Each structure stands twice: as structure tokens, then as C-alpha cells.
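Engineer: Contents of upload02.cif (mmCIF, C-alpha atoms) are below:
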data_start
#
loop_
_atom_site.label_atom_id
_atom_site.label_comp_id
_atom_site.auth_asym_id
_atom_site.auth_seq_id
_atom_site.Cartn_x
_atom_site.Cartn_y
_atom_site.Cartn_z
CA MET J 24 11.98 24.23 45.80
CA LEU J 25 12.71 21.83 42.92
CA ALA J 26 15.33 24.20 41.57
CA TRP J 27 16.91 24.50 45.03
CA LEU J 28 16.99 20.73 45.51
CA ALA J 29 18.34 20.15 42.00
CA ASP J 30 21.14 22.65 42.63
CA ARG J 31 22.22 20.87 45.80
CA LEU J 32 21.88 17.40 44.32
CA GLY J 33 23.73 18.44 41.17
CA VAL J 34 20.98 17.31 38.80
CA ASP J 35 18.64 18.90 36.28
CA ALA J 36 15.40 20.24 37.82
CA THR J 37 13.53 18.49 34.99
CA PHE J 38 14.93 15.20 36.27
CA LEU J 39 13.23 15.71 39.64
CA GLU J 40 9.93 16.41 37.87
CA SER J 41 9.92 13.56 35.36
CA GLY J 42 12.83 11.24 36.03
CA GLN J 43 14.39 12.43 32.77
CA SER J 44 16.81 15.32 32.41
CA SER J 45 16.33 18.02 29.81
CA ALA J 46 19.47 16.75 28.08
CA GLU J 47 18.03 13.23 27.90
CA TYR J 48 14.73 14.62 26.63
CA ALA J 49 16.53 16.59 23.92
CA GLU J 50 18.56 13.52 22.90
CA LEU J 51 15.40 11.42 22.65
CA ASP J 52 13.62 14.14 20.70
CA ALA J 53 16.56 14.32 18.26
CA ALA J 54 16.50 10.53 17.69
CA ILE J 55 12.76 10.55 16.99
CA THR J 56 13.08 13.55 14.67
CA LYS J 57 15.78 11.65 12.77
CA ALA J 58 13.49 8.61 12.49
CA GLU J 59 10.58 10.76 11.27
CA ALA J 60 12.79 12.38 8.64
CA ALA J 61 14.01 8.94 7.53
CA VAL J 62 10.42 7.70 7.18
CA GLU J 63 9.50 10.80 5.20
CA GLY J 64 12.48 10.14 2.92
CA GLN J 65 11.62 6.41 2.74
CA GLN J 66 14.93 5.43 4.33
CA PHE J 67 13.40 2.75 6.50
CA ASP J 68 16.60 0.98 7.54
CA GLU J 69 17.81 4.30 8.92
CA ALA J 70 14.47 4.88 10.65
CA ARG J 71 14.63 1.46 12.31
CA GLY J 72 18.15 2.15 13.53
CA ALA J 73 17.17 5.54 14.98
CA LEU J 74 14.25 4.03 16.91
CA GLU J 75 16.09 1.00 18.24
CA GLY J 76 16.61 0.88 21.99
CA LEU J 77 14.78 4.11 22.85
CA LYS J 78 13.37 4.31 26.39
CA PHE J 79 10.55 6.66 27.32
CA SER J 80 9.51 8.42 30.50
CA PRO J 81 5.82 8.19 31.47
CA ASP J 82 5.96 11.98 31.75
CA ALA J 83 6.84 12.42 28.05
CA PRO J 84 4.03 10.55 26.24
CA GLU J 85 4.29 12.94 23.28
CA LEU J 86 7.74 11.55 22.45
CA GLU J 87 6.62 7.94 22.79
CA PHE J 88 3.60 8.65 20.57
CA ARG J 89 5.75 10.14 17.81
CA ALA J 90 8.15 7.19 17.99
CA LEU J 91 5.30 4.68 17.76
CA MET J 92 3.87 6.44 14.71
CA ALA J 93 7.25 6.40 12.96
CA GLU J 94 7.69 2.75 13.89
CA THR J 95 4.33 1.90 12.32
CA TRP J 96 5.34 2.99 8.81
CA THR J 97 8.73 1.30 9.25
CA LYS J 98 7.14 -2.04 10.11
CA LEU J 99 4.71 -1.74 7.21
CA HIS J 100 7.60 -1.22 4.81
CA PHE J 101 9.15 -4.49 5.95
CA GLY J 102 5.86 -6.38 5.67
CA GLU J 103 5.29 -6.66 9.43
CA GLN J 104 1.59 -5.83 9.44
CA ARG J 105 0.63 -7.72 12.61
CA ALA J 106 3.47 -6.13 14.54
CA ALA J 107 2.40 -2.72 13.21
CA LEU J 108 -1.11 -3.29 14.63
CA ASP J 109 0.42 -4.00 18.05
CA VAL J 110 2.36 -0.75 17.87
CA LEU J 111 -0.77 1.15 16.87
CA ALA J 112 -2.67 -0.34 19.80
CA GLN J 113 -0.07 1.25 22.09
CA ALA J 114 -0.34 4.55 20.22
CA ARG J 115 -4.14 4.45 20.45
CA ALA J 116 -3.99 3.96 24.23
CA LEU J 117 -1.62 6.92 24.58
CA ALA J 118 -3.77 9.11 22.34
CA GLU J 119 -6.73 8.74 24.70
CA SER J 120 -4.93 11.09 27.10
CA ASP J 121 -6.30 14.64 27.36
CA MET J 122 -2.99 16.04 26.15
CA PHE J 123 -3.71 14.68 22.65
CA THR J 124 -6.32 15.98 20.20
CA ASP J 125 -8.78 14.30 17.88
CA VAL J 126 -6.27 14.81 15.08
CA GLU J 127 -3.76 12.47 16.73
CA ARG J 128 -6.55 9.97 17.44
CA ALA J 129 -7.67 10.20 13.81
CA ASP J 130 -4.09 9.64 12.65
CA VAL J 131 -3.90 6.40 14.64
CA LEU J 132 -7.21 5.17 13.21
CA TYR J 133 -6.09 6.12 9.70
CA ARG J 134 -2.94 4.03 10.03
CA MET J 135 -4.92 1.13 11.47
CA GLY J 136 -7.16 1.38 8.41
CA VAL J 137 -4.13 1.22 6.12
CA VAL J 138 -2.87 -1.92 7.87
CA ARG J 139 -6.30 -3.57 7.70
CA TYR J 140 -6.46 -2.79 3.98
CA GLN J 141 -3.07 -4.42 3.48
CA LEU J 142 -4.31 -7.47 5.37
CA SER J 143 -7.38 -7.56 3.08
CA SER J 144 -9.82 -6.81 5.93
CA ILE J 145 -11.61 -4.32 3.71
CA ASN J 146 -14.80 -3.79 5.72
CA SER J 147 -12.75 -3.20 8.86
CA ALA J 148 -10.48 -0.80 6.95
CA ILE J 149 -13.45 1.22 5.68
CA ALA J 150 -14.91 1.48 9.19
CA LEU J 151 -11.59 2.68 10.65
CA LEU J 152 -10.96 5.16 7.85
CA SER J 153 -14.48 6.55 8.06
CA GLU J 154 -14.12 7.01 11.83
CA ALA J 155 -10.76 8.70 11.28
CA TRP J 156 -12.37 11.04 8.72
CA GLU J 157 -15.14 12.01 11.15
CA LEU J 158 -12.69 12.64 14.00
CA ALA J 159 -10.35 14.74 11.88
CA THR J 160 -13.18 16.73 10.30
CA ARG J 161 -14.97 17.59 13.50
CA SER J 162 -11.74 18.47 15.33
CA GLY J 163 -11.81 21.92 13.72
CA LEU J 164 -8.00 21.81 13.60
CA PRO J 165 -5.92 22.22 10.43
CA CYS J 166 -5.36 18.66 9.18
CA ASP J 167 -6.28 18.67 5.48
CA ARG J 168 -3.20 16.65 4.59
CA LEU J 169 -4.31 13.87 6.92
CA ARG J 170 -7.89 14.11 5.64
CA SER J 171 -6.66 13.83 2.06
CA HIS J 172 -4.68 10.68 2.88
CA ILE J 173 -7.67 9.15 4.70
CA LEU J 174 -9.83 9.63 1.59
CA GLU J 175 -7.08 8.30 -0.67
CA TRP J 176 -6.98 5.01 1.24
CA ARG J 177 -10.75 4.76 1.61
CA SER J 178 -10.91 5.13 -2.17
CA ARG J 179 -8.65 2.10 -2.47
CA CYS J 180 -11.06 0.12 -0.29
CA SER J 181 -14.05 1.12 -2.43
CA ARG J 182 -12.13 0.19 -5.56
CA ARG J 183 -11.37 -3.25 -4.11
CA GLN J 184 -15.10 -3.72 -3.55
CA ARG J 185 -15.90 -2.53 -7.10
CA ASP J 186 -17.71 0.55 -5.80
CA PHE J 187 -16.06 2.78 -8.38
CA GLU J 188 -18.41 5.71 -7.85
CA ALA J 189 -17.51 5.92 -4.14
CA ALA J 190 -13.83 5.52 -5.06
CA ARG J 191 -14.09 8.40 -7.54
CA GLU J 192 -15.90 10.69 -5.08
CA ASP J 193 -13.32 10.13 -2.35
CA ILE J 194 -10.36 10.61 -4.67
CA GLU J 195 -11.78 13.83 -6.15
CA LEU J 196 -12.27 15.33 -2.67
CA ALA J 197 -8.81 14.12 -1.61
CA LEU J 198 -7.31 15.88 -4.63
CA GLU J 199 -9.22 19.08 -3.83
CA LEU J 200 -7.86 19.07 -0.25
CA ALA J 201 -4.28 18.41 -1.38
CA GLU J 202 -4.37 21.12 -4.05
CA GLY J 203 -5.77 23.57 -1.49
CA LEU J 204 -2.65 23.00 0.62
CA ASP J 205 -0.33 23.36 -2.37
CA ASP J 206 1.13 20.04 -1.19
CA THR J 207 2.41 18.68 -4.49
CA LEU J 208 3.69 15.40 -3.04
CA THR J 209 0.26 14.56 -1.61
CA VAL J 210 -1.23 15.70 -4.94
CA ALA J 211 1.08 13.17 -6.64
CA HIS J 212 -0.08 10.34 -4.36
CA VAL J 213 -3.75 11.17 -4.89
CA THR J 214 -3.30 11.61 -8.66
CA PHE J 215 -1.65 8.17 -8.72
CA GLN J 216 -4.80 6.68 -7.20
CA ALA J 217 -7.05 8.76 -9.47
CA SER J 218 -5.23 7.17 -12.42
CA ILE J 219 -6.01 3.69 -11.10
CA VAL J 220 -9.68 4.56 -10.59
CA ALA J 221 -9.85 5.83 -14.19
CA GLU J 222 -8.17 2.66 -15.46
CA ARG J 223 -10.66 0.45 -13.58
CA ASN J 224 -13.47 2.41 -15.24
CA GLY J 225 -11.98 1.71 -18.67
CA GLN J 226 -10.85 5.33 -19.17
CA TRP J 227 -7.36 4.35 -20.26
CA LEU J 228 -6.35 7.61 -21.95
CA ARG J 229 -7.44 9.65 -18.91
CA ALA J 230 -5.66 7.16 -16.66
CA ARG J 231 -2.44 7.57 -18.64
CA ALA J 232 -2.69 11.38 -18.54
CA LEU J 233 -3.13 11.30 -14.75
CA ALA J 234 -0.25 8.83 -14.42
CA GLU J 235 2.03 11.10 -16.47
CA ARG J 236 1.11 14.02 -14.19
CA ALA J 237 1.90 12.01 -11.05
CA LYS J 238 5.19 10.88 -12.61
CA GLU J 239 6.21 14.51 -13.23
CA LEU J 240 5.44 15.45 -9.62
CA TYR J 241 7.43 12.51 -8.25
CA GLU J 242 10.36 13.50 -10.46
CA GLU J 243 10.17 17.09 -9.14
CA HIS J 244 10.30 15.81 -5.56
CA GLY J 245 13.05 13.28 -6.24
CA ASP J 246 10.77 10.53 -4.90
CA ARG J 247 12.44 7.62 -6.69
CA ILE J 248 10.44 4.83 -5.05
CA ASN J 249 7.05 6.21 -6.07
CA LEU J 250 8.46 7.22 -9.44
CA GLY J 251 9.28 3.56 -10.03
CA ARG J 252 5.79 2.51 -9.01
CA MET J 253 4.28 5.09 -11.33
CA LEU J 254 6.43 3.85 -14.22
CA ASN J 255 5.13 0.34 -13.53
CA ASN J 256 1.54 1.57 -13.85
CA LEU J 257 2.39 3.56 -16.96
CA GLY J 258 3.84 0.40 -18.46
CA GLY J 259 0.57 -1.42 -17.85
CA LEU J 260 -1.49 1.43 -19.32
CA ASN J 261 0.64 1.60 -22.45
CA TYR J 262 0.21 -2.15 -22.86
CA LEU J 263 -3.57 -1.77 -22.59
CA LEU J 264 -3.42 1.02 -25.18
CA GLY J 265 -1.63 -1.26 -27.66
CA LYS J 266 1.91 0.05 -27.17
CA PRO J 267 3.88 -2.98 -25.93
CA ASP J 268 7.30 -1.49 -26.74
CA ASP J 269 6.58 1.59 -24.62
CA ALA J 270 5.23 -0.71 -21.93
CA VAL J 271 8.44 -2.75 -21.81
CA SER J 272 10.55 0.43 -21.70
CA HIS J 273 8.61 1.82 -18.73
CA LEU J 274 8.62 -1.50 -16.90
CA LYS J 275 12.38 -1.95 -17.31
CA GLN J 276 12.90 1.54 -15.88
CA ALA J 277 10.60 0.66 -12.97
CA PHE J 278 12.60 -2.52 -12.32
CA ALA J 279 15.91 -0.63 -12.38
CA ILE J 280 14.65 1.98 -9.91
CA ALA J 281 13.35 -0.74 -7.57
CA LEU J 282 16.76 -2.43 -7.59
CA GLU J 283 18.46 0.92 -7.04
CA ASN J 284 16.34 1.43 -3.91
CA GLY J 285 16.64 -2.13 -2.67
CA SER J 286 12.87 -2.72 -2.85
CA ASP J 287 12.20 -6.37 -3.65
CA ALA J 288 8.42 -5.85 -3.60
CA ASP J 289 8.55 -3.07 -6.20
CA ALA J 290 11.02 -5.06 -8.32
CA ALA J 291 8.63 -8.02 -8.16
CA GLN J 292 5.71 -5.93 -9.39
CA ALA J 293 7.73 -4.66 -12.36
CA VAL J 294 8.89 -8.18 -13.26
CA SER J 295 5.33 -9.51 -12.89
CA SER J 296 4.08 -6.79 -15.25
CA LEU J 297 6.82 -7.66 -17.76
CA ALA J 298 5.75 -11.31 -17.54
CA GLN J 299 2.19 -10.31 -18.43
CA VAL J 300 3.39 -8.31 -21.46
CA HIS J 301 5.48 -11.26 -22.66
CA LEU J 302 2.56 -13.62 -22.11
CA GLY J 303 0.47 -11.39 -24.39
CA ALA J 304 3.27 -11.55 -26.97
CA SER J 305 3.18 -15.39 -26.87
CA GLU J 306 6.67 -15.49 -25.32
CA TYR J 307 5.60 -18.18 -22.88
CA VAL J 308 9.00 -19.37 -21.64
CA LEU J 309 10.07 -15.82 -20.81
CA ALA J 310 6.71 -15.13 -19.15
CA GLU J 311 7.20 -18.25 -17.03
CA GLN J 312 10.70 -17.22 -15.97
CA GLN J 313 9.68 -13.69 -15.06
CA SER J 314 6.55 -14.67 -13.12
CA ARG J 315 8.57 -17.21 -11.13
CA HIS J 316 11.15 -14.52 -10.40
CA ALA J 317 8.39 -12.16 -9.20
CA LEU J 318 7.02 -14.83 -6.86
CA GLU J 319 10.48 -15.46 -5.41
CA LEU J 320 10.91 -11.75 -4.70
CA LEU J 321 7.48 -11.43 -3.06
CA GLY J 322 7.79 -14.49 -0.84
CA GLU J 323 4.73 -14.65 1.43
CA ARG J 324 4.11 -10.94 1.94
CA PRO J 325 0.49 -10.61 3.18
CA ASP J 326 0.33 -7.03 1.88
CA PHE J 327 1.05 -8.16 -1.68
CA LEU J 328 -1.50 -10.97 -2.04
CA ASP J 329 -2.97 -9.30 -5.13
CA GLU J 330 0.42 -9.19 -6.85
CA ILE J 331 1.23 -12.75 -5.77
CA GLY J 332 -2.10 -13.94 -7.18
CA ASN J 333 -1.61 -12.04 -10.44
CA ALA J 334 1.89 -13.49 -10.89
CA GLN J 335 0.50 -16.97 -10.24
CA ILE J 336 -2.18 -16.42 -12.90
CA VAL J 337 0.45 -15.35 -15.45
CA LEU J 338 2.66 -18.32 -14.52
CA GLY J 339 -0.28 -20.72 -14.84
CA ARG J 340 -1.26 -19.34 -18.24
CA ALA J 341 2.35 -19.56 -19.46
CA LEU J 342 2.43 -23.21 -18.39
CA LEU J 343 -0.98 -23.81 -19.97
CA GLU J 344 0.23 -22.49 -23.32
CA GLN J 345 3.26 -24.79 -23.11
CA GLY J 346 0.95 -27.79 -22.68
CA ARG J 347 1.98 -28.40 -19.05
CA LEU J 348 -1.60 -28.75 -17.85
CA ASP J 349 -1.04 -30.43 -14.49
CA GLU J 350 1.50 -27.82 -13.45
CA ALA J 351 -0.86 -25.08 -14.62
CA GLY J 352 -3.66 -26.60 -12.54
CA THR J 353 -1.52 -26.55 -9.39
CA VAL J 354 -0.55 -22.93 -9.93
CA PHE J 355 -4.14 -21.85 -10.68
CA ASP J 356 -5.23 -23.47 -7.40
CA GLN J 357 -2.55 -21.46 -5.62
CA ALA J 358 -3.77 -18.31 -7.38
CA GLU J 359 -7.34 -19.00 -6.26
CA ALA J 360 -6.13 -19.37 -2.66
CA SER J 361 -4.31 -16.03 -2.91
CA LEU J 362 -6.95 -14.00 -4.73
CA THR J 363 -10.00 -15.18 -2.78
CA GLN J 364 -8.44 -13.68 0.37
CA LEU J 365 -8.70 -10.16 -1.06
CA SER J 366 -12.41 -9.47 -0.43
CA SER J 367 -12.60 -8.68 -4.14
CA ALA J 368 -15.01 -10.36 -6.54
CA SER J 369 -12.93 -9.22 -9.51
CA HIS J 370 -9.79 -10.96 -8.27
CA ALA J 371 -11.64 -14.17 -7.44
CA ALA J 372 -13.28 -14.14 -10.89
CA VAL J 373 -9.85 -13.96 -12.54
CA ALA J 374 -8.80 -17.18 -10.79
CA TRP J 375 -12.02 -19.03 -11.66
CA THR J 376 -11.84 -17.92 -15.29
CA ALA J 377 -8.28 -19.24 -15.54
CA GLN J 378 -9.38 -22.56 -14.02
CA GLY J 379 -12.25 -22.64 -16.53
CA ASP J 380 -9.80 -22.17 -19.41
CA LEU J 381 -7.73 -25.07 -18.09
CA ALA J 382 -10.82 -27.30 -17.83
CA LEU J 383 -11.73 -26.42 -21.41
CA ARG J 384 -8.22 -27.31 -22.57
CA ARG J 385 -8.76 -30.69 -20.94
CA ASN J 386 -12.08 -31.03 -22.82
CA ASP J 387 -13.97 -30.98 -19.51
CA VAL J 388 -16.73 -28.72 -20.81
CA GLN J 389 -19.04 -29.20 -17.83
CA SER J 390 -16.40 -28.13 -15.27
CA ALA J 391 -15.43 -25.20 -17.46
CA ALA J 392 -19.05 -24.02 -17.63
CA ILE J 393 -19.40 -24.24 -13.84
CA LEU J 394 -16.24 -22.19 -13.31
CA TYR J 395 -17.20 -19.56 -15.88
CA ARG J 396 -20.64 -19.28 -14.29
CA ARG J 397 -19.08 -18.84 -10.84
CA ALA J 398 -16.87 -16.04 -12.18
CA ALA J 399 -19.81 -14.35 -13.91
CA GLU J 400 -22.00 -14.56 -10.79
CA ALA J 401 -19.23 -13.08 -8.64
CA LEU J 402 -19.26 -9.97 -10.84
CA GLN J 403 -23.06 -9.78 -10.99
CA ASP J 404 -24.58 -6.62 -9.50
CA VAL J 405 -28.23 -7.70 -9.59
CA ARG J 406 -29.18 -11.02 -8.00
CA PHE J 407 -32.98 -10.79 -7.50
#
Translate this structure into C-alpha cells?
Structural biologist:
Amino acid sequence: MLAWLADRLGVDATFLESGQSSAEYAELDAAITKAEAAVEGQQFDEARGALEGLKFSPDAPELEFRALMAETWTKLHFGEQRAALDVLAQARALAESDMFTDVERADVLYRMGVVRYQLSSINSAIALLSEAWELATRSGLPCDRLRSHILEWRSRCSRRQRDFEAAREDIELALELAEGLDDTLTVAHVTFQASIVAERNGQWLRARALAERAKELYEEHGDRINLGRMLNNLGGLNYLLGKPDDAVSHLKQAFAIALENGSDADAAQAVSSLAQVHLGASEYVLAEQQSRHALELLGERPDFLDEIGNAQIVLGRALLEQGRLDEAGTVFDQAEASLTQLSSASHAAVAWTAQGDLALRRNDVQSAAILYRRAAEALQDVRF
């Protein structure tokens, strides 16, 4: 009957069923596929353009869901975390429909966990990621790539809370899942995080070996953005291992790649790392210039509070060494405000230690002792 009516009305039978013709459906599907490919290739301006102005039929929730998921990563790239949460709320409501599986529901929760991590709501992020892991695991459907990414991000949360054993366990299982899929790009992402876990545990040689492996995989895939990020970390590791010249070389390459890809945030991280190297080399004016440049590039990005705080610490120390104590004090206060938002005792302790050093330079021994004690207590594991 629908076919007969459509023939006489001169419309597509699909239009009578859903209010959207098959041609319109195909056009919408093509636009979303283009956006998904752009997100996968980290071409987020292109992804935003492909998604702009799309209208969805209530009878095609699968298309709307895919568009919302692509939009999430796009908004995160541009630092729009709150807007990304709104988009995910829509996706979560859609995913409750019987036409979706627990894998799609887990994917939404995973992305919500990522956003919460970037907003420094670490306990909330862990809860969301753990729920996503349970949903994906019990679904019985093939989703090891998603499961690997969930563990990768939960490992970041554990690392932020100084639970390095939990971080190591999650990252090892994530790596096992990725290697089982022969998914070398996911292996690269997980190896990147494994390198950071090793560095936090003081295993600098192992961390550098893992970082070199991730770098090779990113080069094989032509993933220039993550290659730049990996070079930034390699620069830091070489500095820790007493090779400042190699560190500077890697960091300059990271900066060049960030500029090539138009990523201010990645450029800022490379410049901030260079500032730290120059601070260690007693090149205080250069360290000041570079840390200020990093802060200008980062602006007020809520997902880069750790990098903002670190750049402020380097800037404050550069000012301190130049005898500009009042300016250093102002910047250290700003660093404390940034770093204490991170739900990380380690980051807060860095700020309080810097403030203690400033108090000592002012011969205020009592204030310095209080600040050092606060930093030490923040890192204390046993309290009773």
C-alpha cells in the first residue's frame, strides 16, 4: 500500500514511512561518514563543517547517534568540554533505545569519563569509566578496541591520584587487548601512556624505550599530531636522563609539528617544556619568555590546567631567580589556584614547595616551613 501511494504521489516510499526519503537518508549518512573520517584523521575543522546544519528524522536515531559521537570529539578538540557533556547527554538518551546495544551505551559513558577527566572531576571519571568497562565486557560483543581505550583513560585517572599500581594494571591489560587486535594505532596510544606510568615510577630508561616505540608507531601511521606529543615527552625524558641537547632537539621538533598542524595547545606544551629545560640551564630570561608564550597559547583551557600550572611554576621560578620576588609570588599564587583544581596531591605539592622556596628567599623561615610541611603531608600515604 505504501509503495502504491508513493507511486501515485511521486515520492519515495521511505518518505511515507519516516518523513525522510532514501536519497535524504543517504546524503545524511554520507555527511556523517565524512565527519567520522575527519575525526579519525584529526581534521576537526573539516569534521565541524560536515556536521553543521544537519537535521535528523526521529525514525533514524542511528544517524543522529553517530553524529553526536563525532561532535563530541570535535568539541573536545576545541576545548568545549561543557558543550561536549551536553551532546553526550543527548547521545545517552538515544542509546537507551532497544535498537542500541550495551557497546554503544558503554561508548557514551567512556566519552563522558574522558570529559570528566579533562575537567579534573577524577572520581566521577573513574566511576563512569568503570561502568563503561562493565557494560562493554558483559555485552559479549566484539569491542576490545573500546575496552582498551576505557582502560587507557582509567589508567590516567589512577595516575592523577598517585595510584600507580592501578594505573600499571590497567595499562598492561589495555596493551594486551590492543595487541590482540593487531591495532597498532591503539597500541601506540596505550604505549604512550605506559611510558608516562613508567616515568612516574622513576623508571626513566624504560619510559624512554616505550616512548621510542610509540613514536615509531605514530610515524608508521602518519599520525603527526600524536608524533609531536610523543616528541615532547621524549624531550622531557632525555632531560631527566641528563641529555639536555637531545631534549631541546626533540622539543623543537614537537613545536614545529604543532605549528604545522595548527595546534596551539600542543605548541604550548612544547614551549613550556623548553622553558623548563632553559630554567634548569640557568637561562632565566629565556625561560621567562617561553613560559609566558606557553601561557598565552593555552589561554584558559580547562582541559590543560596541569600544563597551565606547570608553566606558571616555571615562570615563577624564572622570576624568583631574577630577584623579582613580588612578581614571582603573584605567579606562584596563580599556579596554586590552577594546580589545586586537579584532584592531584602531587600537583598541589609542587605549588606549595615553590611558595616555600619564595618564603625562604624572603628569609621568612616560619612560612617556608609551614608550606614545605603542607607539601610533604599532601604526599603522605600513612596518616595514622
Engineer: Quick one: which residues end up in the PyMOL selection byres ((chain J and resi 132) around 8) for this structure, as a list of chain:residue names?
Structural biologist: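 What the PyMOL selection byres ((chain J and resi 132) around 8) grabs from the file is J:Arg115, J:Arg128, J:Ala129, J:Asp130, J:Val131, J:Tyr133, J:Arg134, J:Met135, J:Gly136, J:Leu151, J:Leu152, J:Glu154, J:Ala155.
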Engineer: Can you list, as number ranges by chain, the residues that the PyMOL selection byres ((chain J and resi 321-325) around 8) selects here?
Structural biologist: J: 102, 104, 141-142, 287-288, 291, 317-320, 326-328, 331
Engineer: In terms of the shortest atom-to-atom distance over all atoms listed in the file, which of J:Leu164, J:Ala232, J:Ala281, J:Val271 is closest to Arg252 of chain J?
Structural biologist: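 Distance minimum relative to Arg252 of chain J lands on J:Ala281.
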Engineer: Hey, could you pull the box centre and edge lengths for segment 270-284 of chain J, axis-aligned, 6 Å padding per side, all listed atoms, to one decimal in Å, as JSON?
Structural biologist:
{"center_x": 11.8, "center_y": -0.4, "center_z": -12.9, "size_x": 25.2, "size_y": 16.7, "size_z": 30.0}
Engineer: Which distance in Å separates atom CA of Leu383 of chain J and atom CA of Ser367 of chain J, to one decimal?
Structural biologist: 24.8 Å
Engineer: List the residues selected by the PyMOL selection byres ((chain J and resi 344) around 12) in the file shown, writing them as a ChimeraX atom specification.
Structural biologist: /J:302-308,310-311,337-343,345-351,377,380-381,384
Engineer: Any chance you can output those residues with C-alpha atoms as a PDB file, in the coordinates of the input?
Structural biologist:
ATOM      1  CA  LEU J 302       2.560 -13.620 -22.110  1.00  0.00           C
ATOM      2  CA  GLY J 303       0.470 -11.390 -24.390  1.00  0.00           C
ATOM      3  CA  ALA J 304       3.270 -11.550 -26.970  1.00  0.00           C
ATOM      4  CA  SER J 305       3.180 -15.390 -26.870  1.00  0.00           C
ATOM      5  CA  GLU J 306       6.670 -15.490 -25.320  1.00  0.00           C
ATOM      6  CA  TYR J 307       5.600 -18.180 -22.880  1.00  0.00           C
ATOM      7  CA  VAL J 308       9.000 -19.370 -21.640  1.00  0.00           C
ATOM      8  CA  ALA J 310       6.710 -15.130 -19.150  1.00  0.00           C
ATOM      9  CA  GLU J 311       7.200 -18.250 -17.030  1.00  0.00           C
ATOM     10  CA  VAL J 337       0.450 -15.350 -15.450  1.00  0.00           C
ATOM     11  CA  LEU J 338       2.660 -18.320 -14.520  1.00  0.00           C
ATOM     12  CA  GLY J 339      -0.280 -20.720 -14.840  1.00  0.00           C
ATOM     13  CA  ARG J 340      -1.260 -19.340 -18.240  1.00  0.00           C
ATOM     14  CA  ALA J 341       2.350 -19.560 -19.460  1.00  0.00           C
ATOM     15  CA  LEU J 342       2.430 -23.210 -18.390  1.00  0.00           C
ATOM     16  CA  LEU J 343      -0.980 -23.810 -19.970  1.00  0.00           C
ATOM     17  CA  GLN J 345       3.260 -24.790 -23.110  1.00  0.00           C
ATOM     18  CA  GLY J 346       0.950 -27.790 -22.680  1.00  0.00           C
ATOM     19  CA  ARG J 347       1.980 -28.400 -19.050  1.00  0.00           C
ATOM     20  CA  LEU J 348      -1.600 -28.750 -17.850  1.00  0.00           C
ATOM     21  CA  ASP J 349      -1.040 -30.430 -14.490  1.00  0.00           C
ATOM     22  CA  GLU J 350       1.500 -27.820 -13.450  1.00  0.00           C
ATOM     23  CA  ALA J 351      -0.860 -25.080 -14.620  1.00  0.00           C
ATOM     24  CA  ALA J 377      -8.280 -19.240 -15.540  1.00  0.00           C
ATOM     25  CA  ASP J 380      -9.800 -22.170 -19.410  1.00  0.00           C
ATOM     26  CA  LEU J 381      -7.730 -25.070 -18.090  1.00  0.00           C
ATOM     27  CA  ARG J 384      -8.220 -27.310 -22.570  1.00  0.00           C
TER      28      ARG J 384
END
Engineer: What separation in Å, quoted to one decimal, exists between atom CA of Asp206 of chain J and atom CA of Ile145 of chain J?
Structural biologist: 27.9 Å
Engineer: Excluding segment 266-268 of chain J and any residue of its chain fewer than 6 positions from it, enumerate the residues within 9 Å of it, using only C-alpha atoms, and give them as a list in words.
Structural biologist: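 Counting only C-alpha atoms, the residues come to Gly258, Gly259, Leu260, Val300 and Ala304 of chain J.
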Engineer: As JSON, numbers by chain, please: the residues near segment 387-401 of chain J (cut-off 7 Å, all atoms listed in the file, same-chain neighbours under 4 positions excluded).
Structural biologist: {"J": [368, 372, 375, 376, 378, 379, 380, 382, 383]}
Engineer: May I ask for the distance between atom CA of Ala61 of chain J and atom CA of Ala116 of chain J, given in Å to one decimal place?
Structural biologist: 25.1 Å
